[in-house]
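Written below as C-alpha cells is the structure these notes are about.
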Amino acid sequence: MITVTDSSSFGYGFVDKQFLSNAEDEYSRRFEQNGPNSLYRNLKDFEICILEDQSNFCADWSKVIVQDPFDPHVISRSNFYGLVRLGAFRSEVLGFHDFMQAEGILSSTIISSDIGSHCSIAHCPFIANYIIKDHCILSRIDEMQTTSHAKFGNGVIKEGEDPDVRVLIDVMNEAGGRSIAPFAGITTADAYLWASYRENPELSERFQQLTDEVCDSRRGYYGVIEHDCVIKGTRIIKDVYAGPCSYIKGANKLKNLSLLSRQDSPVQIGEGVELVNGIIGCGSSVFYGSKAVRFVLGDNCGLKYGARLIHSVLGDNSTVSCCEVLNNLVFPGHEQHHNNSFLIASLVMGQSNMAAGATVGSNHNSRGNDGELVAGRGFWPALSSTLKHNSRFASYTLLSKGNYPDELFIELPFSLVSDNPSCHRREVMPAFWWLYNMYALERNSYKYRVRDKRHHPRQVIETSYLAPDTANEIRKGRFLLAIWVAKSYLKKEKAGVNDELRLLAQTPAYHPWGHADPDIQEKLLVLLGIGEDLLENHPDEVSHLQVFGESIENSANPVLILKPLDGYRAYTSMLFYYAMTEIGHYCHEKCCCFKDIENKTMRNPLVDYGQSCSGFYSHSQKTGQIFWENTGGQLIPTVLVRELLDDVLSSKLDSWEAVHQRYADLDDMYPEYKVIDACLVLFSLFKTDHLTEEQFDHARQMALRARDFIDDQVFLTKDKDYRNFFRSITYRSEAEQEAVIGKITDNSFIASSHEKSEEARAYICSAEFSD
C-alpha cells in the first residue's frame with residue numbers, strides 16, 4: 001500500500017524510538033560509524049544562495065553540513081532531506097577506465113546520508129541512509145537505501161525481530177537439517193564444522209551464538225560504500241555493504257549483501273545480476289545475468305553466464321558458469337562451466353570439475369527431498385553422468401559417461417567408475433589416475449596452486465593429490481582390495497581350501513560406521529592376511545580371478561573390480577612415494593634424520609591404534625594411524641577437530657576469530673603432523689612399529705622408482721594427444737598442427753614437472769636414516 005508522508009518529516013525517524021535508549025537518537029549508529037557532526041560546518045549564506053540558484057532543494061538547509069574545501073557550484077538539480085553531511089568538493093572530473101564523470105552531485109536525491117570527499121554522484125533519484133566514503137562514483141542508480149534493521153548478509157536478527165526472519169543457508173541437504181547462518185568472514189571450514197557435526201544440538205547453538213556476536217543486534221546501522229567504489233547503471237541496491245574499490249555496473253538487484261572487496265582484490269558485479277542474502281569474498285566477480293540467493297561466495301571466485309547459486313557455500317578459487325548449484329557446500333577449487341549441469345544437495349571437497357550434462361543429485365530415493373551426496377577432493381563426474389542420492393565417493397573419483405541408477409559408495413581413491421550396460425553392471429578400476437592419466441593428475445595439483453590468486457588467504461588449501469587425507473584412503477583401498485581378492489579366491493571352485501576357510505568368504509559386508517562384532521573383525525583380519533599373501537606373493541593367481549566389490553552399489557548387480565592387482569601395486573607405490581617425499585622434505589627443513597621422526601611418532605597422542613574406533617579397518621591397523629578430516633580444504637587430524645569442537649562448546653574458543661586463529665595454529669603444526677603420518681604409512685607397509693635401515697633404504701628405492709614412473713607417465717599420457725591419428729586429421733600438415741597446438745617439447749607443465757622431479761629426488765635421497 002502506498003503511504004503519504006509529510007515532506008517536513010521526510011528523511012527523519014530512521015530508527016523507531018522503542019529501539020533507542022534515552023541517551024540515543026536515530027543518528028547514534030551513524031556517528032559511531034562515521035564520526036560526529038563536529039567534523040563538519042554549517043553552510044554559509046552565499047553557499048545556500050548558489051545551491052538554490054542551481055535548482056537544488058532542501059526544506060531546512062541547516063540540516064546540510066559540509067567539510068572544507070567546499071565548492072557549491074558542483075552540486076545542481078538535487079534534493080536533500082534529513083541530516084545530510086557532505087565532504088570536500090571541488091571542480092574536477094573523476095574517471096574509471098574509460099568512464100568519466102564530474103565531481104559533485106547532479107540530478108539526485110540524498111536522504112539522511114553522508115557523502116565523502118571528492119565523490120561524483122549523478123542521476124541517482126533515491127539514496128537513503130548510506131555512508132559513501134571518499135572518491136566514489138555513483139551514476140544512474142534507481143534506488144539505493146538502507147533499512148534500520150539491515151544485516152548486510154549476516155545471518156543474525158536485530159532487536160525486536162522474529163527469529164523466523166534470520167537468513168539461513170541449507171547446505172548439503174534440501175530439507176534444512178544442516179542449515180547454517182552466514183557471516184562476513186565465514187570460511188568453508190566454518191560451514192563444514194557447523195553443518196557436519198549435527199549430532200550435538202548444543203554445538204550448533206554455540207556456532208549460532210558466535211555468529212550473533214559478529215554483528216551488533218542494535219538497529220540503525222547505515223549501509224557503507226567504502227572509498228573508491230564505482231557503481232553505475234544499477235536498479236536496486238538495498239542493505240548492501242560494499243568494500244573498498246567495489247565495481248558494480250548494470251546490476252538488477254542487490255539486497256542484503258556484504259561485498260568484502262579490497263583495494264588489491266576488488267569485487268566486481270556486472271550486467272543483469274541479481275543477488276540477495278549473501279556474502280561475497282574479495283577478488284570475486286559476478287557477471288552476465290547470474291543469480292544468487294542465500295549464498296556465500298569465497299575469495300577469488302567467479303559466477304558467470306547466468307549461473308544460479310542458491311542455498312550454497314562456494315569455496316575460494318572456484319568458477320561456476322551457466323549451471324545450477326543448489327543446497328551445496330563446495331570446498332575451494334571447484335569448476336562447473338556448462339549450461340546443462342547441476343549440482344544439488346552435496347558436499348564436494350574441492351579441486352573438482354562438473355562436465356556438461358552431469359546431474360548430481362537429480363534423483364531422490366526417499367519420500368522427501370532429504371538426500372545427500374559426499375565427494376572427496378578431485379571429484380570428476382563426466383559428460384552426461386547422472387548420480388543418485390545418497391552416494392559417497394573417495395578422492396579423485398572419475399565417473400565415465402553413464403546413467404548410475406542406484407546409490408554408490410566408492411571407497412577406492414583415484415578410481416575410474418564406469419557403467420557397463422551390456423553386462424548390466426558397474427565397474428571400478430582402482431588407481432586409474434595414477435596408472436593411465438598421470439599428466440592430468442600431476443597437473444591438477446599444479447593448476448590449483450597457480451590459480452590461487454588470493455592476496456589475503458583466509459584459509460589454507462591442500463592441493464597436493466598425495467596428502468594425509470588421500471593416504472588414509474589409499475590405505476583403506478589396499479585393505480578392501482585384499483579382502484575382496486581373498487573372498488573371490490575362496491569362492492572360486494576347486495580353490496583347494498577347506499570348508500572353514502570357504503565359510504570366511506560369507507563374512508557379511510560391513511556397515512559404513514564399522515563392525516562392533518569382534519568375531520566378524522577377526523574373520524576379516526584372516527581374510528586380509530589371505531588377500532595380502534595372494535596379491536604380494538601369488539600375482540598369477542590373482543590375475544585369473546574375477547573380483548567383485550561389496551557395498552558399492554545399492555542393487556543386486558555385482559560391481560566388478562577391474563585390474564585389482566595393478567591397483568594394489570599402484571596404491572603401494574603411491575604410499576611409498578608420499579611417505580618418503582614428506583620425510584625427505586621434513587629432514588631437509590629441520591636438519592634431522594628419520595630416527596628423530598620415528599621417535600616423535602611412537603605413541604603420539606594423535607595416533608589411533610584402533611581402541612577408539614569400532615570400524616574393523618582401524619582395528620586392522622596394528623601399527624597405528626592418524627585419521628584426518630578435510631575441513632574446507634585444510635587437512636586436520638580428526639582428534640584435533642574434535643578438540644576444537646570441544647573448545648567451542650566450553651567457550652575456550654569464544655569467537656569466530658578465535659576459531660580462525662586455531663585453524664592457523666593447526667596449520668603451523670601441519671608439517672609436524674604430516675611427517676608423523678608419513679612415518680606411520682611406512683610402518684603399515686612394513687608391518688612394524690620401527691624400521692630397520694635396510695627397510696628405510698628399500699622405501700627410498702621404491703619412492704625413487706615411483707618418481708621415475710611419474711616422469712615417464714606425465715610425458716607418455718600427454719604424448720598420446722600428439723600421436724593420436726585422429727588428432728591430426730583436421731590439419732593439412734604437421735607444421736600447421738604444431739603452429740596451432742605446439743610441440744610436446746614446448747609444454748611448460750612438463751618442463752615444470754621435470755623441475756619438481758629433481759627437487760623430489762633430492763629430498764628423497766638426502767634423508768638420512770640416523771645421525
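To be explicit about the labels: the chains of the C-alpha cells are called A, B, and onward in the order shown, and within each one the residues are counted from 1, while ligands get numbers from 1 in the order they are shown.
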
Helix (DSSP H, G or I) positions in segment 630-744 of chain A, given as number ranges by chain: A: 638-649, 656-686, 693-723, 725-728, 734-741, 744

Find, counting only C-alpha atoms, the residue in A:Asn390, A:Ser651, A:Ser415, A:Gln701 that gets nearest to Gly361 of chain A.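 Selected residue with least distance to Gly361 of chain A: A:Asn390.
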
For atom CA of Phe96 of chain A and atom CA of His135 of chain A, the interatomic separation in Å (one decimal):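 Result for atom CA of Phe96 of chain A versus atom CA of His135 of chain A: 10.8 Å, one decimal.
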
Please, which residues of segment 625-660 of chain A, numbered as in this document, come out strand (DSSP E or B) from DSSP, as a PyMOL selection string? chain A and resi 625+628-631+634-637

Report, in Å with one decimal, the straight-line distance from atom CA of Phe31 of chain A to atom CA of Ala242 of chain A. 18.7 Å

When you look at segment 321-325 of chain A with a cut-off of 12 Å (counting only C-alpha atoms), what residues show up, excluding the ones that are within fewer than 4 positions of it in the same chain? I need them as a ChimeraX atom specification. /A:171-172,174,285-295,301-314,329-330,334-348,353-362

All residues 7 Å or closer to Pro637 of chain A, only C-alpha atoms, same chain fewer than 4 positions away omitted, as a PyMOL selection string: chain A and resi 626-629+641

Selected residues, C-alpha atoms, written as a PDB file, in the first residue's frame, please.
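What ended up in result-v8.pdb:
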ATOM      1  CA  ILE A 626      46.242 -40.678  12.194  1.00  0.00           C
ATOM      2  CA  PHE A 627      42.738 -40.115  10.890  1.00  0.00           C
ATOM      3  CA  TRP A 628      42.273 -36.844   9.028  1.00  0.00           C
ATOM      4  CA  GLU A 629      39.422 -34.593   8.020  1.00  0.00           C
ATOM      5  CA  VAL A 641      38.985 -31.350  15.013  1.00  0.00           C
TER       6      VAL A 641
END

List the neighbours of segment 664-673 of chain A out to 8 Å using only C-alpha atoms; skip same-chain residues closer than 4 positions along the sequence, and give me the result as a list of chain:residue names. A:Val460, A:Tyr586, A:Gln634, A:Ile636, A:Pro637, A:His660, A:Asp677

Work out how far atom CA of Pro605 of chain A is from atom CA of Ser684 of chain A, in Å to one decimal. 17.7 Å

Which residue gives the smallest distance to Ala189 of chain A among A:Tyr571, A:Phe409, A:Phe331, A:Phe70, with only C-alpha atoms counted?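 Of all the options, A:Phe331 lies closest to Ala189 of chain A.
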
Nearest residue to His424 of chain A out of A:Tyr436, A:Tyr404, A:Tyr763, A:Phe715, using only C-alpha atoms?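 Smallest separation from His424 of chain A among the options: A:Tyr404.
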
Find, counting only C-alpha atoms, the residue in A:Trp656, A:Tyr722, A:Tyr192, A:Phe749 that gets nearest to Ala440 of chain A.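 Using only C-alpha atoms, the shortest distance to Ala440 of chain A belongs to A:Phe749.
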
What's around Ala191 of chain A at 9 Å? Count only C-alpha atoms, leave out sequence neighbours fewer than 5 positions away in its own chain, and write the answer as a list in words.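 Once the adjacent positions are removed, what remains is Val171, Ile180, Ala181, Pro182, Ile186, Ser196, Val313, Leu329, Thr631 and Gly632 of chain A.
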
Have a look at A:Leu43, A:Glu92, A:Gly633, A:Gly250 and name the one nearest to Pro72 of chain A; count only C-alpha atoms. A:Leu43

Contacts of Leu704 of chain A within 12 Å, only C-alpha atoms, excl. fewer than 3 positions in-chain, as a list of chain:residue names: A:Ser573, A:Met574, A:Phe576, A:Tyr577, A:Tyr578, A:Ala579, A:Met580, A:Thr581, A:Gly584, A:Asp697, A:His698, A:Ala699, A:Arg700, A:Gln701, A:Arg707, A:Asp708, A:Phe709, A:Ile710, A:Asp711, A:Ser757, A:Glu758, A:Glu759, A:Ala760, A:Arg761, A:Ala762, A:Tyr763, A:Ile764, A:Cys765, A:Ser766
